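Structure file final.txt with compact mmCIF, C-alpha atoms:
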```txt
# COMPACT_ATOMS: atom_id res chain seq x y z
CA MET L 19 20.83 13.36 -10.86
CA THR L 20 18.77 12.00 -7.98
CA GLN L 21 17.82 14.77 -5.55
CA ILE L 22 18.73 14.08 -1.96
CA SER L 23 15.87 14.80 0.40
CA LYS L 24 16.16 15.96 3.97
CA ASP L 25 14.49 12.60 4.78
CA LEU L 26 17.84 10.93 4.26
CA LEU L 27 19.29 12.93 7.12
CA SER L 28 16.54 12.15 9.62
CA PRO L 29 17.77 10.23 12.68
CA ALA L 30 16.21 6.78 12.86
CA GLY L 31 15.21 7.39 16.47
CA GLU L 32 12.78 10.15 15.45
CA ASN L 33 10.55 7.87 13.39
CA GLN L 34 6.84 7.94 14.10
CA SER L 35 5.58 4.65 15.50
CA SER L 36 2.29 4.10 13.67
CA VAL L 37 2.30 4.12 9.86
CA ARG L 38 -0.47 3.33 7.36
CA VAL L 39 0.93 1.39 4.40
CA ALA L 40 -0.63 -0.14 1.30
CA VAL L 41 0.21 -2.64 -1.43
CA VAL L 42 -1.51 -2.00 -4.75
CA GLN L 43 -2.39 -4.83 -7.14
CA MET L 44 -2.97 -3.27 -10.53
CA THR L 45 -3.42 -4.19 -14.17
CA PRO L 46 -1.29 -1.83 -16.26
CA ALA L 47 -2.24 -0.60 -19.70
CA PHE L 48 0.66 -2.30 -21.44
CA MET L 49 2.98 0.24 -23.11
CA ASP L 50 0.45 3.04 -22.44
CA ASN L 51 2.02 4.97 -19.58
CA ASN L 52 -0.57 7.74 -19.54
CA ALA L 53 -3.42 5.26 -19.03
CA THR L 54 -1.54 3.49 -16.23
CA LEU L 55 -0.73 6.80 -14.54
CA HIS L 56 -4.44 7.62 -14.61
CA SER L 57 -5.25 4.29 -12.95
CA MET L 58 -2.65 5.02 -10.29
CA GLU L 59 -4.25 8.40 -9.61
CA VAL L 60 -7.65 6.78 -9.07
CA VAL L 61 -6.21 4.33 -6.52
CA LEU L 62 -4.13 6.97 -4.76
CA THR L 63 -7.22 9.15 -4.33
CA LYS L 64 -8.88 6.30 -2.40
CA LEU L 65 -5.75 5.64 -0.35
CA LYS L 66 -5.38 9.29 0.61
CA ASP L 67 -8.92 9.27 1.99
CA GLN L 68 -7.81 6.41 4.25
CA GLY L 69 -4.71 8.17 5.52
CA CYS L 70 -2.16 6.10 3.59
CA GLN L 71 1.46 7.21 4.05
CA LEU L 72 3.24 4.68 1.84
CA ALA L 73 2.04 2.84 -1.27
CA LEU L 74 3.95 0.08 -3.04
CA PHE L 75 3.17 -0.68 -6.70
CA PRO L 76 4.27 -3.80 -8.64
CA GLU L 77 7.39 -4.72 -10.57
CA SER L 78 7.61 -3.08 -14.00
CA LEU L 79 4.17 -1.51 -13.72
CA LEU L 80 5.44 1.07 -16.18
CA PRO L 81 5.43 0.39 -19.08
CA GLY L 82 4.21 -3.10 -18.08
CA TYR L 83 5.82 -6.48 -17.47
CA PRO L 84 6.25 -8.11 -20.93
CA ARG L 85 4.90 -11.46 -19.82
CA GLY L 86 4.73 -14.13 -22.52
CA PHE L 87 6.94 -12.42 -25.13
CA THR L 88 10.03 -13.99 -26.64
CA PHE L 89 11.19 -10.87 -28.51
CA GLY L 90 11.96 -13.17 -31.43
CA THR L 91 14.85 -14.80 -29.61
CA THR L 92 16.03 -18.39 -29.57
CA VAL L 93 19.50 -19.60 -28.64
CA GLY L 94 21.84 -18.36 -31.35
CA ASN L 95 19.23 -16.37 -33.25
CA ARG L 96 17.36 -13.05 -33.09
CA THR L 97 14.71 -11.83 -35.51
CA SER L 98 14.27 -8.33 -36.88
CA GLY L 99 10.65 -8.36 -35.64
CA GLY L 100 11.85 -9.15 -32.13
CA ARG L 101 14.33 -6.27 -32.26
CA ASP L 102 11.53 -3.96 -33.41
CA LEU L 103 9.33 -5.00 -30.47
CA TRP L 104 12.19 -4.53 -28.01
CA HIS L 105 12.80 -1.09 -29.51
CA ARG L 106 9.14 -0.14 -29.01
CA PHE L 107 9.36 -1.33 -25.39
CA HIS L 108 12.56 0.68 -24.97
CA GLN L 109 10.90 3.84 -26.28
CA VAL L 110 8.15 3.79 -23.63
CA SER L 111 10.46 2.78 -20.74
CA ILE L 112 11.20 5.29 -18.02
CA LYS L 113 14.24 7.52 -17.74
CA GLU L 114 15.15 9.27 -14.51
CA GLY L 115 14.01 12.88 -14.85
CA ASP L 116 11.76 12.35 -17.89
CA HIS L 117 8.09 13.37 -18.13
CA VAL L 118 6.83 10.04 -16.72
CA CYS L 119 9.23 10.28 -13.79
CA ALA L 120 7.98 13.84 -13.23
CA ALA L 121 4.39 12.61 -13.29
CA LEU L 122 5.18 9.98 -10.65
CA ALA L 123 6.87 12.61 -8.50
CA ASP L 124 3.79 14.79 -8.85
CA LEU L 125 1.52 11.96 -7.72
CA ALA L 126 3.64 11.44 -4.60
CA ARG L 127 3.56 15.17 -3.85
CA ARG L 128 -0.15 15.69 -4.51
CA PHE L 129 -1.19 12.70 -2.43
CA GLY L 130 1.42 13.32 0.27
CA LEU L 131 2.89 9.85 0.58
CA TYR L 132 5.92 7.71 -0.14
CA LEU L 133 5.33 6.14 -3.55
CA ILE L 134 7.47 3.15 -4.46
CA ILE L 135 6.99 1.69 -7.91
CA GLY L 136 8.58 -0.86 -10.22
CA VAL L 137 9.55 0.47 -13.65
CA THR L 138 11.55 -0.62 -16.65
CA GLU L 139 14.25 2.04 -16.69
CA LYS L 140 16.40 3.16 -19.57
CA ASP L 141 19.80 4.61 -18.79
CA SER L 142 20.68 8.18 -19.78
CA ILE L 143 23.91 7.06 -21.49
CA ASN L 144 23.81 3.41 -22.56
CA SER L 145 20.95 1.73 -24.42
CA SER L 146 20.34 -1.06 -21.91
CA LEU L 147 17.15 -1.45 -19.90
CA TYR L 148 16.98 -2.17 -16.16
CA CYS L 149 14.26 -3.56 -13.92
CA SER L 150 14.19 -0.81 -11.31
CA MET L 151 12.35 0.36 -8.21
CA PHE L 152 11.90 4.13 -7.77
CA TYR L 153 11.28 5.75 -4.37
CA PHE L 154 9.44 9.10 -4.26
CA ASN L 155 8.84 11.01 -1.04
CA PRO L 156 5.83 13.18 -0.10
CA GLU L 157 7.70 16.26 -1.30
CA GLY L 158 7.79 14.81 -4.80
CA LEU L 159 11.51 14.04 -4.79
CA LEU L 160 13.11 10.88 -6.12
CA VAL L 161 15.00 9.82 -3.00
CA GLY L 162 16.11 6.35 -4.02
CA LYS L 163 16.44 3.89 -6.87
CA HIS L 164 17.35 0.22 -7.01
CA ARG L 165 18.18 -1.77 -10.14
CA LYS L 166 17.59 -5.52 -10.05
CA ILE L 167 20.96 -7.27 -9.89
CA LYS L 168 19.94 -10.57 -11.51
CA PRO L 169 17.11 -10.79 -14.06
CA THR L 170 15.68 -14.31 -14.10
CA ALA L 171 15.65 -16.70 -17.07
CA ALA L 172 14.25 -15.02 -20.22
CA GLU L 173 14.15 -11.67 -18.40
CA ARG L 174 17.81 -11.50 -19.35
CA LEU L 175 16.64 -10.75 -22.91
CA ILE L 176 15.14 -7.51 -21.64
CA TRP L 177 17.05 -6.23 -18.64
CA ALA L 178 20.70 -5.69 -17.83
CA GLU L 179 22.09 -6.32 -14.33
CA GLY L 180 22.33 -3.60 -11.71
CA ASP L 181 25.66 -3.18 -9.91
CA GLY L 182 24.33 -3.76 -6.40
CA THR L 183 25.38 -0.40 -4.95
CA SER L 184 21.71 0.42 -4.36
CA ILE L 185 21.13 -2.52 -1.99
CA ARG L 186 20.64 -0.35 1.07
CA SER L 187 17.84 1.25 3.02
CA ILE L 188 16.63 4.84 2.98
CA THR L 189 16.02 6.54 6.31
CA THR L 190 12.72 8.43 6.44
CA PRO L 191 10.40 9.76 9.16
CA ILE L 192 8.23 6.65 8.69
CA GLY L 193 11.10 4.21 9.12
CA ARG L 194 13.99 2.75 7.17
CA LEU L 195 12.76 1.60 3.76
CA GLY L 196 14.55 -0.87 1.51
CA GLY L 197 13.84 -3.71 -0.82
CA LEU L 198 14.65 -6.18 -3.56
CA ILE L 199 12.78 -7.02 -6.75
CA CYS L 200 11.16 -10.40 -7.41
CA TRP L 201 13.62 -13.32 -7.40
CA GLU L 202 16.61 -11.37 -6.15
CA ASN L 203 14.73 -11.76 -2.85
CA TYR L 204 15.88 -15.40 -3.05
CA MET L 205 19.55 -14.35 -2.95
CA PRO L 206 20.73 -14.72 0.68
CA GLN L 207 23.74 -12.43 0.27
CA ALA L 208 21.56 -9.67 -1.16
CA ARG L 209 19.13 -9.92 1.75
CA VAL L 210 21.95 -9.83 4.31
CA ARG L 211 23.46 -6.78 2.66
CA LEU L 212 20.09 -5.05 2.84
CA TYR L 213 19.64 -6.00 6.49
CA GLN L 214 23.07 -4.60 7.33
CA SER L 215 21.93 -1.13 6.22
CA GLY L 216 19.17 -1.17 8.84
CA LEU L 217 15.58 -1.90 7.91
CA ASP L 218 12.04 -1.44 9.21
CA ILE L 219 9.90 -1.85 6.08
CA TYR L 220 10.99 -4.38 3.46
CA LEU L 221 9.59 -3.78 -0.04
CA ALA L 222 9.28 -6.63 -2.54
CA PRO L 223 7.56 -5.76 -5.83
CA THR L 224 7.26 -8.94 -7.88
CA ALA L 225 5.90 -10.77 -10.91
CA ASP L 226 5.68 -14.14 -9.10
CA ALA L 227 2.11 -15.19 -8.30
CA ARG L 228 2.77 -18.74 -7.11
CA PRO L 229 1.78 -19.88 -3.59
CA SER L 230 5.47 -20.35 -2.75
CA TRP L 231 5.99 -16.60 -3.07
CA LEU L 232 3.69 -15.95 -0.11
CA SER L 233 5.67 -18.46 1.96
CA SER L 234 8.87 -16.65 0.98
CA MET L 235 7.48 -13.30 2.11
CA GLN L 236 6.54 -14.77 5.48
CA HIS L 237 9.99 -16.31 5.82
CA ILE L 238 11.73 -13.02 4.93
CA ALA L 239 9.59 -11.17 7.47
CA CYS L 240 10.67 -13.63 10.18
CA GLU L 241 14.28 -13.48 9.02
CA SER L 242 14.55 -9.70 8.70
CA ARG L 243 12.23 -8.91 11.62
CA SER L 244 10.76 -6.19 9.41
CA TYR L 245 7.36 -5.51 7.95
CA VAL L 246 7.30 -7.01 4.46
CA LEU L 247 5.20 -5.48 1.69
CA SER L 248 4.86 -7.33 -1.62
CA SER L 249 2.95 -6.03 -4.63
CA ASN L 250 2.14 -7.84 -7.87
CA GLN L 251 0.12 -7.22 -11.02
CA PHE L 252 -3.14 -8.91 -11.93
CA PHE L 253 -2.96 -9.53 -15.67
CA GLN L 254 -5.04 -11.52 -18.13
CA LYS L 255 -4.39 -12.32 -21.77
CA ASP L 256 -7.28 -10.06 -22.78
CA ASP L 257 -5.54 -7.11 -21.11
CA TYR L 258 -3.15 -7.13 -24.05
CA SER L 259 -4.29 -5.56 -27.30
CA GLU L 260 -5.06 -7.97 -30.16
CA GLU L 261 -1.68 -7.08 -31.67
CA PHE L 262 0.19 -8.14 -28.56
CA GLN L 263 -1.96 -11.24 -28.02
CA ARG L 264 -0.80 -12.50 -31.43
CA LEU L 265 2.81 -12.26 -30.23
CA LEU L 266 2.31 -14.46 -27.16
CA GLU L 267 4.14 -17.78 -27.17
CA ASP L 268 1.28 -19.40 -25.21
CA LYS L 269 -2.13 -18.22 -26.40
CA SER L 270 -4.14 -20.74 -24.38
CA THR L 271 -3.70 -19.32 -20.86
CA ALA L 272 -6.35 -16.77 -19.87
CA THR L 273 -4.85 -15.47 -16.62
CA LEU L 274 -1.17 -14.64 -16.97
CA CYS L 275 -0.64 -13.37 -13.41
CA ARG L 276 -3.01 -13.95 -10.46
CA GLY L 277 -1.38 -11.42 -8.12
CA GLY L 278 -0.83 -12.31 -4.47
CA SER L 279 -0.05 -8.88 -3.00
CA CYS L 280 0.29 -8.95 0.77
CA ILE L 281 1.53 -7.28 3.97
CA VAL L 282 3.35 -9.38 6.59
CA SER L 283 4.34 -8.56 10.18
CA PRO L 284 7.88 -8.95 11.62
CA TYR L 285 6.65 -12.23 13.14
CA GLY L 286 5.63 -13.64 9.75
CA GLU L 287 1.89 -13.13 10.32
CA LEU L 288 -0.31 -12.02 7.42
CA LEU L 289 -1.74 -8.59 8.17
CA ALA L 290 -3.42 -8.08 4.76
CA GLY L 291 -3.93 -10.16 1.66
CA PRO L 292 -2.98 -12.06 -0.29
CA ILE L 293 -5.13 -10.67 -3.10
CA TYR L 294 -5.73 -13.08 -5.98
CA ASP L 295 -7.56 -12.91 -9.31
CA ARG L 296 -8.53 -9.25 -9.20
CA GLU L 297 -7.22 -5.73 -8.99
CA GLY L 298 -7.29 -4.08 -5.59
CA TYR L 299 -5.22 -2.91 -2.68
CA SER L 300 -4.57 -3.87 0.92
CA LEU L 301 -4.05 -1.30 3.64
CA ALA L 302 -2.62 -1.92 7.10
CA GLU L 303 -1.61 0.18 10.06
CA ILE L 304 1.78 -0.99 11.25
CA ASP L 305 3.60 -0.23 14.50
CA LEU L 306 7.35 0.26 14.11
CA GLY L 307 7.72 -0.52 17.78
CA GLU L 308 6.94 -4.12 16.92
CA VAL L 309 10.09 -4.23 14.78
CA VAL L 310 12.19 -3.56 17.86
CA LYS L 311 10.13 -5.88 20.07
CA SER L 312 10.46 -8.75 17.58
CA ARG L 313 14.23 -8.41 17.66
CA MET L 314 14.38 -9.26 21.34
CA ASP L 315 14.07 -12.84 20.10
CA PHE L 316 16.01 -12.60 16.85
CA ASP L 317 18.07 -9.76 15.40
CA PRO L 318 19.68 -10.80 12.10
CA ILE L 319 22.37 -8.13 12.23
CA GLY L 320 22.65 -7.87 16.02
CA HIS L 321 22.73 -10.50 18.75
CA TYR L 322 21.94 -13.32 16.32
CA THR L 323 24.98 -12.75 14.13
CA ARG L 324 28.19 -14.75 14.22
CA ASN L 325 30.56 -12.73 12.08
CA ASP L 326 33.44 -14.74 13.52
CA LEU L 327 31.99 -17.80 11.77
CA PHE L 328 30.18 -16.21 8.83
CA PRO L 329 32.00 -13.04 7.78
CA VAL L 330 30.07 -10.89 5.33
CA SER L 331 31.95 -8.85 2.75
CA ASN L 332 31.04 -5.17 2.52
CA ASN L 333 32.78 -4.75 -0.81
CA GLN L 334 30.76 -2.74 -3.33
```

Encoded form using structure tokens:
Amino acid sequence: MTQISKDLLSPAGENQSSVRVAVVQMTPAFMDNNATLHSMEVVLTKLKDQGCQLALFPESLLPGYPRGFTFGTTVGNRTSGGRDLWHRFHQVSIKEGDHVCAALADLARRFGLYLIIGVTEKDSINSSLYCSMFYFNPEGLLVGKHRKIKPTAAERLIWAEGDGTSIRSITTPIGRLGGLICWENYMPQARVRLYQSGLDIYLAPTADARPSWLSSMQHIACESRSYVLSSNQFFQKDDYSEEFQRLLEDKSTATLCRGGSCIVSPYGELLAGPIYDREGYSLAEIDLGEVVKSRMDFDPIGHYTRNDLFPVSNNQ
């Protein structure tokens, strides 16, 4: 059961104005959670020295985004080898409350920041996997979780669909935090639903490294009038073990994901990044007062709404 922090009860008006936030672009050790957790600790040590209060890590950093795998699946057919690989991936995926989840909570507590990370999550009852985003607060509590509602293309071989009830923000002393994962950011209804919950910092972990993704993040910043943080992996073919390289459908491409992590202002201006073709992080000091100022011009859930013309359903 997710523990409910006192952060959730904090009035939005008591938020501090200046917040130091970071997006981390990392290469995971695929299906080796302990090694990836160690890499996270190294980065968080550097961020703590710079006063970071919130760090966003990429989509499915744990146990790794299975880029390039088919899991032995073609239309109308599955192989036993593909099922075996999926089972191995399932075994190292993250369950709420397990030892990896506890290790993430401990990192957030020890480094005293909000840690938001993309994981492949396995349910405690069914056997399906979900592409999820976990929110840990500086007390080491899991204060929020979102499951991607629409895996894209072949991702549907891996992940089930979330039910959408988690499309909402979390109120904290450093602002209202909320987000969507990768291409569900392209779903207008999902974005509107998130905006309706109130939002200051929009979180978008992704696996999309194309130039169009950066344009989308700038658009969403202008649309939401929130700070947008997007974090991606940097991953090359050689980052897979020889065993996993043999399983790749395309063995000719050296760089599988270039990255593109960035931080964008409520006016759509790049404050940090994008980072390409390397691991690293970007850190920015943001002013939540600018969120309010930017909405003098455009408030997507306030004076710029026309619910008489475009009613939005609040059905769960």

In Å, rounded to a single decimal, give me how far CA of Leu72 in chain L is from CA of Leu195 in chain L.
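So the answer is 10.2 Å.
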
Determine, counting all atoms listed in the file, every residue of protein, DNA or RNA that lies within 12 Å of (0.6, 6.0, -10.7) in the file coordinates, then give the result as an MDAnalysis selection string.
chainID L and resid 42:47 51:63 73:76 78:81 118:129 132:137 152 154

Can you pull out the residues contacting range 176-187 of chain L? Cut-off 8 Å, using all atoms listed in the file, and skip same-chain residues under 2 positions away; I want them as a ChimeraX atom specification.
/L:104,146-149,163-169,172-174,189,194-198,208,211-217,334

Within 6 Å of range 285-292 of chain L using all atoms listed in the file, minus same-chain residues under 6 positions, as a list in words:
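Listed by chain and then number, they are Gln236, Ala239, Cys240, Gly278, Ser279 and Ser300 of chain L.
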
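Residue nearest Val210 in chain L within the list L:Gln109, L:Leu103, L:Ile281, L:Ser242: L:Ser242 [criterion: smallest interatomic distance, only C-alpha atoms].
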
Quick one: residues within 12 Å of Thr271 in chain L, all atoms listed in the file counted, chain neighbours fewer than 2 positions away excluded, as a VMD selection string?
chain L and resid 85 to 86 253 to 256 263 266 to 269 273 to 276

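CA of Arg296 in chain L is positioned 21.6 Å from CA of Asp67 in chain L.
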
Please return as a PyMOL selection string every residue within 7 Å of (9.6, 0.4, 9.2), taking into account all atoms listed in the file and the file's own coordinates.
chain L and resi 192-195+217-219+244-245+306

In Å, how far is it from CA of Ala222 in chain L to CA of Met314 in chain L?
24.6 Å

Within 9 Å of Arg106 in chain L, counting only C-alpha atoms, which residues qualify if same-chain residues fewer than 5 places away don't, as a list in words?
Met49, Arg101 and Ser111 of chain L

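Each of L:Pro229, L:Val246, L:Trp201, L:Phe107 was checked against Ile304 in chain L using all atoms listed in the file; the smallest atom-to-atom distance is that of L:Val246.
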